[in-house]
Amino acid sequence: MPANSALKSNAPVAKVRHFLQMTDFSAEEYAYLFERTKIIKDRFKRYELYHPLRDRTLAMVFQKNSTRTRVSFEAGMNQLGGSAIFLTSEASQISRGEPIEDLARVISGMVDVVMIRTFEQSMVARFAEYSRVPVINGLTDDHHPCQVLADIFTFIEQRGDIKGKIVTWVGDANNMLNSWMQAANVLGFMVHASTPPGYPIDETLLKACGSSVRVFENPLDAARGAHLVTTDVWTSMGFEAETEARKKAFADWCVDEEMMGLADTSAVFMHCLPAHRGEEVTAGVIDGPQSVVWEEAWNRMHAQKALLEYLVVGEVKS
């Protein structure tokens with residue numbers, strides 16, 4: 001749906017669609033987004049100009065640095081005919097203590113859509129509450145919906161419908177796992193998750209996802225019969241002080257050839273990158289024939305283009 005342009009001077013804004021976590025859209029909306037991603041990607045590969053966001057502007061607010069998030073959003077917005085503005089904490093008044101609600105009111109009055117990559121989920125939620133335009137979560141400590149959106153599209157592209165399939169998560173109980181769990185509950189697939197002792201999955205989210213998630217103590221058991229095996233770095237941004245402790249705790253949670261051998265014969269491997277070969281995944285797996293990490297990375301741009309189109313202009317029939 002198109003964004004509601006009405007704005008009351010000092011009140012939260014209603015009826016603007018945001019994408020802050022995987023539960024924000026329905027299964028039907030995701031089906032539409034995956035189909036639009038395919039169409040938009042096909043146009044890109046044919047060098048066909050497609051500018052539905054001509055004269056529209058994306059503001060990108062980064063409190064956490066990223067290569068893939070910046071390039072995929074900035075290039076994607078450009079390819080849709082729009083422009084993107086890159087802001088860091090240091091380049092804005094956030095670093096000087098400006099309330100996020102005030103920043104939302106100001107920025108959303110000048111642009112058409114906002115992407116935020118930050119630490120606390122409450123930061124994007126508060127910004128969205130006071131924004132007159134759609135807000136996209138580019139990553140928080142709790143959720144990474146844009147990455148999982150691209151990952152699911154990649155699976156569909158490579159192997160077909162994900163409904164009824166098994167996705168195995170091995171490693172840290174982080175934002176990626178949270179978004180995978182939510183996606184499973186919305187889209188009807190199963191997550192098999194295994195995390196080391198002392199790094200438990202969020203209990204509230206686990207209960208909310210019900211039978212869509214199974215937890216395994218042994219990562220090898222989690223991988224049995226999986227159609228997709230995925231992981232992430234053991235130490236996410238902001239937890240660098242725990243690096244050495246995590247290396248010891250996670251040693252048996254490396255995705256290696258033995259683990260992939262227990263998965264379905266057609267299983268693919270994914271990683272949101274950057275990867276540390278020899279830690280969370282072996283070189284033989286990430287660089288091997290079952291790996292689709294490069295397609296996964298490239299698809300960030302195409303899935304986000306479909307998302308931007310949907311949030312800014314609504315459904316497109318052609």
# chains A, B, ... in the order shown; residues from 1 in each chain; ligands from 1

$ select_by_dssp --residues "range 93-306 of chain A" --states "alpha helix (DSSP H)" --output "number ranges by chain"
A: 100-108, 121-129, 145-159, 175-187, 203-209, 219-223, 243-249, 257-262, 283-286, 293-306

$ select_by_dssp --residues "range 25-157 of chain A" --states "strand (DSSP E)" --output "PyMOL selection string"
chain A and resi 57-62+83-88+113-117+135-139

$ closest_atom_pairs --of "range 271-316 of chain A" --to "range 81-88 of chain A" --cutoff "12 Å" --atoms "only C-alpha atoms" --output "Markdown table"
| residue | atom | partner | partner_atom | distance |
| --- | --- | --- | --- | --- |
| A:Lys305 | CA | A:Gly81 | CA | 10.8 |
| A:Leu308 | CA | A:Gly82 | CA | 10.4 |
| A:Glu309 | CA | A:Gly82 | CA | 10.7 |
| A:Val312 | CA | A:Gly82 | CA | 11.2 |

$ write_last_selection --atoms "C-alpha atoms" --output "compact mmCIF listing (two decimals), in the first residue's frame"
# COMPACT_ATOMS: atom_id res chain seq x y z
CA LYS A 305 14.13 -3.26 -4.84
CA LEU A 308 11.09 -0.45 -1.86
CA GLU A 309 8.67 -0.50 -4.78
CA VAL A 312 6.57 3.45 -1.75

$ closest_residue --among "A:Trp253, A:Phe216, A:Trp180, A:Trp234" --to "Met22 in chain A" --atoms "only C-alpha atoms"
A:Trp180

$ atom_distance --atom1 "CA of Asn78 in chain A" --atom2 "CA of Lys45 in chain A"
15.3 Å

$ closest_residue --among "A:Val167, A:Met110, A:Leu307, A:Ile286" --to "Ala226 in chain A" --atoms "only C-alpha atoms"
A:Val167

$ residues_around --residues "range 158-160 of chain A" --least-positions-apart "4" --cutoff "9 Å" --atoms "only C-alpha atoms" --output "number ranges by chain"
A: 153-154, 227, 266-268, 292

$ residues_around --residues "Asp221 in chain A" --least-positions-apart "5" --cutoff "12 Å" --atoms "only C-alpha atoms" --output "VMD selection string"
chain A and resid 168 to 170 192 to 195 214 to 216 226 253 258 to 263

$ write_last_selection --atoms "N, CA and C atoms" --output "short mmCIF file (atom, residue, chain, number, x, y, z; two decimals), in the first residue's frame"
data_model
loop_
_atom_site.label_atom_id
_atom_site.label_comp_id
_atom_site.auth_asym_id
_atom_site.auth_seq_id
_atom_site.Cartn_x
_atom_site.Cartn_y
_atom_site.Cartn_z
N THR A 168 17.95 -25.44 8.50
CA THR A 168 18.76 -25.67 9.70
C THR A 168 19.63 -24.47 9.99
N TRP A 169 19.51 -23.99 11.23
CA TRP A 169 20.36 -22.89 11.71
C TRP A 169 21.34 -23.45 12.72
N VAL A 170 22.62 -23.20 12.50
CA VAL A 170 23.67 -23.68 13.40
C VAL A 170 24.52 -22.49 13.84
N HIS A 192 15.12 -25.94 12.14
CA HIS A 192 15.84 -26.76 13.11
C HIS A 192 17.02 -25.94 13.59
N ALA A 193 17.04 -25.61 14.86
CA ALA A 193 18.07 -24.71 15.39
C ALA A 193 18.92 -25.41 16.44
N SER A 194 20.24 -25.14 16.37
CA SER A 194 21.16 -25.65 17.37
C SER A 194 22.14 -24.56 17.74
N THR A 195 22.17 -24.21 19.01
CA THR A 195 23.09 -23.20 19.52
C THR A 195 23.86 -23.78 20.70
N ARG A 214 12.16 -26.34 15.95
CA ARG A 214 12.64 -27.42 16.82
C ARG A 214 14.07 -27.11 17.23
N VAL A 215 14.37 -27.32 18.49
CA VAL A 215 15.70 -27.01 19.02
C VAL A 215 16.45 -28.32 19.30
N PHE A 216 17.72 -28.36 18.87
CA PHE A 216 18.56 -29.55 19.02
C PHE A 216 19.83 -29.20 19.79
N ALA A 226 17.91 -31.67 6.26
CA ALA A 226 17.65 -30.25 5.97
C ALA A 226 17.73 -29.97 4.47
N TRP A 253 30.21 -26.14 16.52
CA TRP A 253 29.08 -25.63 15.73
C TRP A 253 29.56 -25.07 14.39
N GLU A 258 30.95 -32.93 6.96
CA GLU A 258 30.18 -33.97 7.65
C GLU A 258 28.76 -33.50 7.90
N MET A 259 28.61 -32.28 8.37
CA MET A 259 27.28 -31.75 8.66
C MET A 259 26.45 -31.64 7.38
N MET A 260 27.03 -31.11 6.32
CA MET A 260 26.29 -30.99 5.06
C MET A 260 25.94 -32.36 4.50
N GLY A 261 26.76 -33.35 4.79
CA GLY A 261 26.48 -34.70 4.32
C GLY A 261 25.25 -35.32 4.96
N LEU A 262 24.84 -34.81 6.10
CA LEU A 262 23.65 -35.31 6.78
C LEU A 262 22.37 -34.65 6.27
N ALA A 263 22.53 -33.53 5.59
CA ALA A 263 21.38 -32.82 5.04
C ALA A 263 20.83 -33.56 3.82
#

$ atom_distance --atom1 "CA of Phe34 in chain A" --atom2 "CA of Thr230 in chain A"
20.0 Å

$ residues_around --residues "Gly288 in chain A" --least-positions-apart "4" --cutoff "12 Å" --atoms "only C-alpha atoms" --output "ChimeraX atom specification"
/A:256-257,260,268-270,281-284,292-294

$ atom_distance --atom1 "CA of Pro145 in chain A" --atom2 "CA of Tyr47 in chain A"
27.9 Å

$ decode --residues "range 67-103 of chain A" --atoms "C-alpha atoms" --output "PDB file, in the first residue's frame"
ATOM      1  CA  THR A  67      29.230  -3.146   2.970  1.00  0.00           C
ATOM      2  CA  ARG A  68      26.345  -5.211   1.580  1.00  0.00           C
ATOM      3  CA  THR A  69      23.518  -3.194   3.118  1.00  0.00           C
ATOM      4  CA  ARG A  70      24.779   0.136   1.839  1.00  0.00           C
ATOM      5  CA  VAL A  71      25.687  -1.054  -1.665  1.00  0.00           C
ATOM      6  CA  SER A  72      22.507  -3.101  -2.145  1.00  0.00           C
ATOM      7  CA  PHE A  73      20.164  -0.310  -1.041  1.00  0.00           C
ATOM      8  CA  GLU A  74      22.039   2.511  -2.755  1.00  0.00           C
ATOM      9  CA  ALA A  75      22.506   0.673  -6.053  1.00  0.00           C
ATOM     10  CA  GLY A  76      18.971  -0.682  -5.912  1.00  0.00           C
ATOM     11  CA  MET A  77      17.423   2.736  -5.350  1.00  0.00           C
ATOM     12  CA  ASN A  78      19.482   4.130  -8.209  1.00  0.00           C
ATOM     13  CA  GLN A  79      18.345   1.338 -10.530  1.00  0.00           C
ATOM     14  CA  LEU A  80      14.716   2.112  -9.653  1.00  0.00           C
ATOM     15  CA  GLY A  81      15.276   5.698 -10.781  1.00  0.00           C
ATOM     16  CA  GLY A  82      15.568   7.244  -7.315  1.00  0.00           C
ATOM     17  CA  SER A  83      18.401   8.515  -5.163  1.00  0.00           C
ATOM     18  CA  ALA A  84      19.825   7.550  -1.778  1.00  0.00           C
ATOM     19  CA  ILE A  85      21.306   9.679   1.009  1.00  0.00           C
ATOM     20  CA  PHE A  86      23.868   8.054   3.325  1.00  0.00           C
ATOM     21  CA  LEU A  87      23.877   9.205   6.959  1.00  0.00           C
ATOM     22  CA  THR A  88      26.001   7.984   9.853  1.00  0.00           C
ATOM     23  CA  SER A  89      25.543   8.792  13.533  1.00  0.00           C
ATOM     24  CA  GLU A  90      28.453  11.207  13.288  1.00  0.00           C
ATOM     25  CA  ALA A  91      26.938  12.936  10.264  1.00  0.00           C
ATOM     26  CA  SER A  92      23.588  13.468  11.968  1.00  0.00           C
ATOM     27  CA  GLN A  93      22.337  14.896  15.240  1.00  0.00           C
ATOM     28  CA  ILE A  94      21.837  11.417  16.733  1.00  0.00           C
ATOM     29  CA  SER A  95      25.376  11.565  18.114  1.00  0.00           C
ATOM     30  CA  ARG A  96      24.492  14.825  19.877  1.00  0.00           C
ATOM     31  CA  GLY A  97      21.466  13.374  21.615  1.00  0.00           C
ATOM     32  CA  GLU A  98      18.605  14.464  19.347  1.00  0.00           C
ATOM     33  CA  PRO A  99      15.511  12.391  20.233  1.00  0.00           C
ATOM     34  CA  ILE A 100      14.810   9.755  17.619  1.00  0.00           C
ATOM     35  CA  GLU A 101      11.200  10.928  17.473  1.00  0.00           C
ATOM     36  CA  ASP A 102      12.324  14.414  16.399  1.00  0.00           C
ATOM     37  CA  LEU A 103      14.696  12.977  13.828  1.00  0.00           C
TER      38      LEU A 103
END
